[in-house]
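> Pasting a structure here, questions to come.
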Amino acid sequence: RSLKKRLEKEPKGFAMDGKGRSCSLCSRSVYETDGWYDKWGFKCMNCQDAINKKKIPGSLCGDWKNKKYVTDSTLSFKSGLHIQTIRKLIRNGAIKARQIPNGPNLILRKDNPDLLQIIDTETKERSNKDKARS
């Protein structure tokens, strides 16, 4: 509540102690440094910088259920594909990702409407390669 009131006085946001809070974009804990609080919530300064430079839309903040985007590491975990395989698909352009400098790759659903098909195809190819080796 007091944060919302402070936002009325400082509508562009303000610096705030990390104290172990989680960034609402990359989900990393912020301990030693300050973070930033604005209408999108609390963020680490790295993510705030990416938003300021228009690399990432602020509207992605607080998407804890991955409805708008997923990180490359979360996609790797949920799909069962190795993180390097996901990053190879990004490098090859099969998956479009937005890189937070010194942070994760964000894979936006709106940029990748056929993401599930790409993951499914890659999973099948990996399975076929594994069978061929056996």
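Naming works like this for the structure tokens: A, B, ... for the chains as they're shown, residue 1 at the start of each chain, ligands 1 onward in shown order.
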Given only C-alpha atoms, how would the per-residue table for segment 38-104 of chain A near segment 7-19 of chain A read, listing every residue at most 9 Å away with its closest atom pair and distance in Å to one decimal, sorted by chain and number, as JSON lines?


```
{"residue": "A:Asp38", "atom": "CA", "partner": "A:Gly13", "partner_atom": "CA", "distance": 4.1}
{"residue": "A:Lys39", "atom": "CA", "partner": "A:Gly13", "partner_atom": "CA", "distance": 7.2}
{"residue": "A:Phe42", "atom": "CA", "partner": "A:Met16", "partner_atom": "CA", "distance": 8.3}
{"residue": "A:Lys43", "atom": "CA", "partner": "A:Gly18", "partner_atom": "CA", "distance": 9.0}
{"residue": "A:Cys44", "atom": "CA", "partner": "A:Gly18", "partner_atom": "CA", "distance": 7.9}
{"residue": "A:Met45", "atom": "CA", "partner": "A:Ala15", "partner_atom": "CA", "distance": 8.9}
```

> Please save all heavy atoms of the selected residues as a PDB file, in the first residue's frame.


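That gives us out.pdb:
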```pdb
ATOM      1  N   ASP A  38       8.190   0.331 -10.006  1.00  0.00           N
ATOM      2  CA  ASP A  38       7.327   1.238 -10.757  1.00  0.00           C
ATOM      3  C   ASP A  38       5.981   0.547 -10.972  1.00  0.00           C
ATOM      4  O   ASP A  38       5.671  -0.438 -10.285  1.00  0.00           O
ATOM      5  CB  ASP A  38       7.981   1.678 -12.078  1.00  0.00           C
ATOM      6  CG  ASP A  38       8.256   0.531 -13.026  1.00  0.00           C
ATOM      7  OD1 ASP A  38       7.743  -0.589 -12.809  1.00  0.00           O
ATOM      8  OD2 ASP A  38       8.987   0.744 -14.010  1.00  0.00           O
ATOM      9  N   LYS A  39       5.199   1.047 -11.922  1.00  0.00           N
ATOM     10  CA  LYS A  39       3.858   0.489 -12.128  1.00  0.00           C
ATOM     11  C   LYS A  39       3.886  -0.986 -12.493  1.00  0.00           C
ATOM     12  O   LYS A  39       2.881  -1.675 -12.339  1.00  0.00           O
ATOM     13  CB  LYS A  39       3.103   1.278 -13.201  1.00  0.00           C
ATOM     14  CG  LYS A  39       3.668   1.147 -14.598  1.00  0.00           C
ATOM     15  CD  LYS A  39       2.853   1.951 -15.588  1.00  0.00           C
ATOM     16  CE  LYS A  39       3.411   1.823 -16.988  1.00  0.00           C
ATOM     17  NZ  LYS A  39       2.616   2.550 -17.954  1.00  0.00           N
ATOM     18  N   PHE A  42       8.421  -4.683  -8.846  1.00  0.00           N
ATOM     19  CA  PHE A  42       9.839  -4.643  -8.487  1.00  0.00           C
ATOM     20  C   PHE A  42      10.667  -5.389  -9.528  1.00  0.00           C
ATOM     21  O   PHE A  42      10.291  -6.487  -9.956  1.00  0.00           O
ATOM     22  CB  PHE A  42      10.052  -5.282  -7.106  1.00  0.00           C
ATOM     23  CG  PHE A  42      11.484  -5.273  -6.681  1.00  0.00           C
ATOM     24  CD1 PHE A  42      12.065  -4.125  -6.165  1.00  0.00           C
ATOM     25  CD2 PHE A  42      12.265  -6.408  -6.819  1.00  0.00           C
ATOM     26  CE1 PHE A  42      13.393  -4.109  -5.780  1.00  0.00           C
ATOM     27  CE2 PHE A  42      13.597  -6.406  -6.437  1.00  0.00           C
ATOM     28  CZ  PHE A  42      14.162  -5.252  -5.920  1.00  0.00           C
ATOM     29  N   LYS A  43      11.791  -4.774  -9.936  1.00  0.00           N
ATOM     30  CA  LYS A  43      12.694  -5.401 -10.900  1.00  0.00           C
ATOM     31  C   LYS A  43      14.136  -5.176 -10.484  1.00  0.00           C
ATOM     32  O   LYS A  43      14.445  -4.184  -9.827  1.00  0.00           O
ATOM     33  CB  LYS A  43      12.486  -4.797 -12.295  1.00  0.00           C
ATOM     34  CG  LYS A  43      11.153  -5.119 -12.910  1.00  0.00           C
ATOM     35  CD  LYS A  43      10.872  -4.316 -14.139  1.00  0.00           C
ATOM     36  CE  LYS A  43      10.682  -2.846 -13.944  1.00  0.00           C
ATOM     37  NZ  LYS A  43       9.785  -2.371 -12.930  1.00  0.00           N
ATOM     38  N   CYS A  44      15.007  -6.099 -10.920  1.00  0.00           N
ATOM     39  CA  CYS A  44      16.441  -5.872 -10.743  1.00  0.00           C
ATOM     40  C   CYS A  44      16.846  -4.753 -11.711  1.00  0.00           C
ATOM     41  O   CYS A  44      16.150  -4.483 -12.690  1.00  0.00           O
ATOM     42  CB  CYS A  44      17.248  -7.155 -10.997  1.00  0.00           C
ATOM     43  SG  CYS A  44      17.204  -7.779 -12.689  1.00  0.00           S
ATOM     44  N   MET A  45      17.947  -4.108 -11.450  1.00  0.00           N
ATOM     45  CA  MET A  45      18.362  -2.976 -12.286  1.00  0.00           C
ATOM     46  C   MET A  45      18.711  -3.425 -13.706  1.00  0.00           C
ATOM     47  O   MET A  45      18.558  -2.675 -14.655  1.00  0.00           O
ATOM     48  CB  MET A  45      19.542  -2.238 -11.640  1.00  0.00           C
ATOM     49  CG  MET A  45      19.153  -1.521 -10.341  1.00  0.00           C
ATOM     50  SD  MET A  45      17.714  -0.425 -10.474  1.00  0.00           S
ATOM     51  CE  MET A  45      18.406   0.946 -11.355  1.00  0.00           C
TER      52      MET A  45
END
```

> Please run DSSP on the backbone and report, as a ChimeraX atom specification, all residues within chain A that come out as alpha helix (DSSP H).

/A:2-9,45-52,72-79,83-91,115-133

> So which one's closest to Tyr37 of chain A, A:Gly93, A:Pro113, A:Pro104, A:Gly58? Using only C-alpha atoms, please.

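Counting only C-alpha atoms, the residue closest to Tyr37 of chain A is A:Gly58.
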
> Pull the strand (DSSP E or B) assignments for segment 34-89 of chain A out of DSSP run on the backbone, and list those residues as a PyMOL selection string.

chain A and resi 34-38+41-44+69-71

> Do you know which residues are at most 12 Å from Lys55 of chain A counting only C-alpha atoms, after dropping those on the same chain fewer than 3 positions away, and could you put them as a compact mmCIF listing (two decimals) with N, CA, C and O atoms, in the first residue's frame?


```
# COMPACT_ATOMS: atom_id res chain seq x y z
N ASN A 46 19.17 -4.66 -13.84
CA ASN A 46 19.49 -5.21 -15.16
C ASN A 46 18.22 -5.25 -16.04
O ASN A 46 18.24 -4.81 -17.19
N CYS A 47 17.14 -5.77 -15.50
CA CYS A 47 15.88 -5.85 -16.24
C CYS A 47 15.29 -4.46 -16.45
O CYS A 47 14.74 -4.17 -17.51
N GLN A 48 15.41 -3.61 -15.45
CA GLN A 48 14.91 -2.23 -15.59
C GLN A 48 15.63 -1.52 -16.73
O GLN A 48 15.00 -0.82 -17.53
N ASP A 49 16.93 -1.74 -16.85
CA ASP A 49 17.70 -1.14 -17.93
C ASP A 49 17.21 -1.65 -19.29
O ASP A 49 17.08 -0.87 -20.24
N ALA A 50 16.92 -2.96 -19.39
CA ALA A 50 16.41 -3.54 -20.64
C ALA A 50 15.04 -2.93 -21.00
O ALA A 50 14.77 -2.69 -22.18
N ILE A 51 14.21 -2.67 -20.00
CA ILE A 51 12.90 -2.04 -20.24
C ILE A 51 13.11 -0.59 -20.68
O ILE A 51 12.49 -0.13 -21.64
N ASN A 52 14.00 0.13 -20.00
CA ASN A 52 14.27 1.53 -20.36
C ASN A 52 14.76 1.65 -21.80
O ASN A 52 14.43 2.59 -22.50
N GLY A 58 7.68 -3.67 -20.63
CA GLY A 58 7.43 -3.70 -19.19
C GLY A 58 6.21 -4.52 -18.82
O GLY A 58 6.11 -5.05 -17.71
N LEU A 60 5.53 -7.38 -19.45
CA LEU A 60 5.84 -8.78 -19.17
C LEU A 60 6.06 -9.03 -17.67
O LEU A 60 5.98 -10.16 -17.22
N ALA A 97 13.98 -14.94 -29.69
CA ALA A 97 14.12 -14.60 -28.27
C ALA A 97 14.61 -13.17 -28.14
O ALA A 97 15.23 -12.62 -29.04
N ARG A 98 14.31 -12.58 -27.01
CA ARG A 98 14.81 -11.25 -26.68
C ARG A 98 15.77 -11.42 -25.51
O ARG A 98 15.39 -11.95 -24.47
N GLN A 99 16.98 -10.99 -25.70
CA GLN A 99 18.04 -11.16 -24.71
C GLN A 99 18.05 -9.98 -23.74
O GLN A 99 18.10 -8.83 -24.18
N ILE A 100 18.00 -10.28 -22.46
CA ILE A 100 18.25 -9.25 -21.45
C ILE A 100 19.77 -9.26 -21.27
O ILE A 100 20.33 -10.31 -20.95
N PRO A 101 20.47 -8.14 -21.51
CA PRO A 101 21.92 -8.15 -21.34
C PRO A 101 22.31 -8.65 -19.95
O PRO A 101 21.73 -8.24 -18.95
N ASN A 105 17.41 -15.26 -21.86
CA ASN A 105 16.68 -15.07 -23.11
C ASN A 105 15.20 -15.18 -22.79
O ASN A 105 14.79 -16.16 -22.17
N LEU A 106 14.41 -14.21 -23.21
CA LEU A 106 12.97 -14.29 -23.03
C LEU A 106 12.33 -14.66 -24.35
O LEU A 106 12.57 -14.02 -25.37
```

> Which neighbours of Val70 of chain A fall inside 12 Å, counting only C-alpha atoms, when residues of the same chain fewer than 3 positions from it are skipped, and could you give them as number ranges by chain?

A: 25-27, 60-67, 73-79, 86, 95-99, 104-112, 115

> Of the residues A:Asp72, A:Leu116, A:Ser24, A:Asp130, which is the one nearest to Ile90 of chain A, using only C-alpha atoms?

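Looking only at the distances to Ile90 of chain A, the closest residue turns out to be A:Asp72.
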